[in-house]
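Visitor: File follows, my_file.txt with compact mmCIF, C-alpha atoms:
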```txt
# COMPACT_ATOMS: atom_id res chain seq x y z
CA VAL A 13 -20.58 36.84 29.07
CA ASN A 14 -22.18 38.94 26.29
CA VAL A 15 -23.41 35.95 24.28
CA VAL A 16 -26.95 35.60 22.88
CA ALA A 17 -28.38 32.57 21.08
CA TYR A 18 -31.96 32.07 19.85
CA SER A 19 -33.69 29.78 17.40
CA HIS A 20 -36.30 31.00 14.89
CA GLU A 21 -38.97 30.25 17.48
CA GLY A 22 -37.33 32.69 19.86
CA LYS A 23 -36.21 29.91 22.20
CA MET A 24 -32.66 29.32 23.36
CA SER A 25 -30.81 26.98 21.04
CA GLN A 26 -28.17 24.87 22.78
CA THR A 27 -26.21 24.47 19.55
CA ASP A 28 -26.04 28.23 19.01
CA THR A 29 -25.27 28.84 22.68
CA ASP A 30 -22.37 26.38 22.47
CA LEU A 31 -21.18 28.00 19.24
CA ALA A 32 -21.26 31.51 20.71
CA LEU A 33 -19.46 30.35 23.85
CA LYS A 34 -16.77 28.61 21.77
CA ILE A 35 -16.22 31.80 19.79
CA ARG A 36 -16.03 33.79 23.04
CA GLN A 37 -13.44 31.36 24.45
CA ASP A 38 -11.37 31.61 21.27
CA LEU A 39 -11.39 35.41 21.40
CA MET A 40 -10.58 35.53 25.13
CA SER A 41 -7.64 33.15 24.69
CA ASP A 42 -6.04 35.30 21.95
CA SER A 43 -3.57 37.57 23.76
CA ASN A 44 -3.03 39.55 20.54
CA LEU A 45 -6.57 40.95 20.76
CA SER A 46 -7.40 44.03 22.83
CA ALA A 47 -9.85 43.90 25.72
CA TYR A 48 -12.35 45.65 23.44
CA ALA A 49 -12.02 42.92 20.83
CA GLN A 50 -12.22 40.12 23.37
CA ASN A 51 -15.48 41.53 24.73
CA ILE A 52 -17.50 42.15 21.58
CA LYS A 53 -21.12 41.03 21.59
CA ILE A 54 -21.69 37.67 19.91
CA ILE A 55 -25.19 36.75 18.75
CA ALA A 56 -25.82 33.28 17.30
CA LEU A 57 -29.01 32.39 15.42
CA ASP A 58 -29.24 29.06 13.62
CA GLY A 59 -25.56 29.16 12.68
CA LYS A 60 -25.59 32.83 11.69
CA VAL A 61 -23.24 34.84 13.89
CA ILE A 62 -23.61 38.58 14.39
CA LEU A 63 -20.68 40.46 15.90
CA LYS A 64 -21.19 43.87 17.49
CA GLY A 65 -18.82 46.19 19.29
CA LYS A 66 -15.64 48.19 18.95
CA VAL A 67 -12.15 47.02 18.10
CA ASN A 68 -8.86 48.92 17.99
CA SER A 69 -7.90 48.40 14.35
CA GLU A 70 -8.79 47.00 10.96
CA SER A 71 -6.30 44.15 11.47
CA GLU A 72 -7.99 43.24 14.76
CA ARG A 73 -11.37 43.26 13.01
CA ARG A 74 -10.02 40.99 10.25
CA SER A 75 -8.48 38.64 12.80
CA ILE A 76 -11.83 38.25 14.58
CA LEU A 77 -13.69 37.69 11.31
CA ASP A 78 -11.16 35.04 10.25
CA LYS A 79 -11.53 33.20 13.57
CA VAL A 80 -15.33 33.28 13.51
CA THR A 81 -15.66 32.41 9.81
CA ASN A 82 -13.49 29.31 10.31
CA GLU A 83 -15.35 28.11 13.42
CA VAL A 84 -17.17 24.79 12.91
CA GLY A 85 -20.93 25.37 12.82
CA VAL A 86 -20.81 28.94 11.52
CA LYS A 87 -22.91 29.29 8.37
CA LYS A 88 -22.77 33.06 7.97
CA VAL A 89 -21.05 35.99 9.72
CA VAL A 90 -22.51 39.49 9.94
CA SER A 91 -20.01 42.05 11.16
CA LYS A 92 -21.23 45.17 12.88
CA LEU A 93 -17.79 45.74 14.35
CA GLU A 94 -16.56 49.33 14.50
CA ILE A 95 -13.01 50.57 14.73
CA LYS A 96 -12.50 52.86 17.71
CA ALA A 97 -11.90 56.43 16.61
CA ASP A 98 -9.90 57.41 19.69
CA GLN A 99 -7.24 54.95 20.86
CA ASN A 100 -7.11 56.66 24.27
CA ASP A 101 -10.60 55.59 25.41
```
Can you present the structure in this file as structure tokens?

Guide:
Amino acid sequence: VNVVAYSHEGKMSQTDTDLALKIRQDLMSDSNLSAYAQNIKIIALDGKVILKGKVNSESERRSILDKVTNEVGVKKVVSKLEIKADQND
């Protein structure tokens, strides 16, 4: 599912796992997002969410950041999202 969640001790955190899965569900249910955007990597660590992967456009990147930032339980968002250079990939 491309979701990772760890606590500071390196153990799986159920809260972060639930948070990452909720974000994944929200992205997958948004038909306005490309398949690339819906399948970005989501890493949750004590409420900090790191997003990695490629998206099709700046507006798609902003849409994802808005969704994640407004998710209950998210304390901080780190975006490592990249905009695809070639739309034909």

Visitor: Please, which residues are within 7 Å of (-19.7, 36.0, 21.1) by the file's coordinates, counting all atoms listed in the file, and could they come as a ChimeraX atom specification?

Guide: /A:14-15,32-33,35-36,52-55,63

Visitor: Out of A:Asn68, A:Gln50, A:Ser43, A:Gln37, which residue has the shortest atom-to-atom distance to Glu83 in chain A when counting only C-alpha atoms?

Guide: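 That would be A:Gln37, the residue with the smallest distance to Glu83 in chain A.
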
Visitor: To one decimal place in Å, what is the distance between CA of Gly65 in chain A and CA of Met40 in chain A?

Guide: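 Distance reported for this atom pair: 14.7 Å.
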
Visitor: Restricting the calculation to all atoms listed in the file: of A:Lys96, A:Ser46, A:Val67, A:Val61, which residue gets closest to Asn82 in chain A?

Guide: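 Result for the nearest residue to Asn82 in chain A: A:Val61.
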
Visitor: Please list as a ChimeraX atom specification every residue within 12 Å of Arg74 in chain A, counting all atoms listed in the file and excluding residues in the same chain fewer than 3 positions away.

Guide: /A:45,49,67-71,77-81,91,93-95

Visitor: What is the CA of Lys87 in chain A to CA of Gly59 in chain A distance in Å?

Guide: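 So the answer is 5.1 Å.
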
Visitor: Determine the nearest neighbour of Asp58 in chain A from the options A:Asp38, A:Glu72, A:Ser25, A:Val90, counting all atoms listed in the file.

Guide: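 Using all atoms listed in the file, Asp58 in chain A sits closest to A:Ser25.
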
Visitor: Would you work out the distance separating CA of Asn44 in chain A from CA of Lys92 in chain A, expressed in Å to one decimal?

Guide: 20.5 Å

Visitor: A:Ala47, A:Ile62, A:Leu57, A:Leu31: which is nearest Val89 in chain A, counting only C-alpha atoms?

Guide: A:Ile62

Visitor: Around all the atoms of range 89-92 of chain A listed in the file, draw an axis-aligned box and extend it by 5 Å on each of the six sides; I want its centre and edge lengths in Å to one decimal, as AutoDock Vina command-line options.

Guide:
```
--center_x -21.3 --center_y 40.6 --center_z 11.3 --size_x 12.5 --size_y 19.2 --size_z 13.2
```

Visitor: Which residue, A:Lys66, A:Ile76, A:Asp42, A:Ala56, has the smallest gap to Asp30 in chain A when you use only C-alpha atoms?

Guide: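 The answer is A:Ala56, which sits nearest to Asp30 in chain A.
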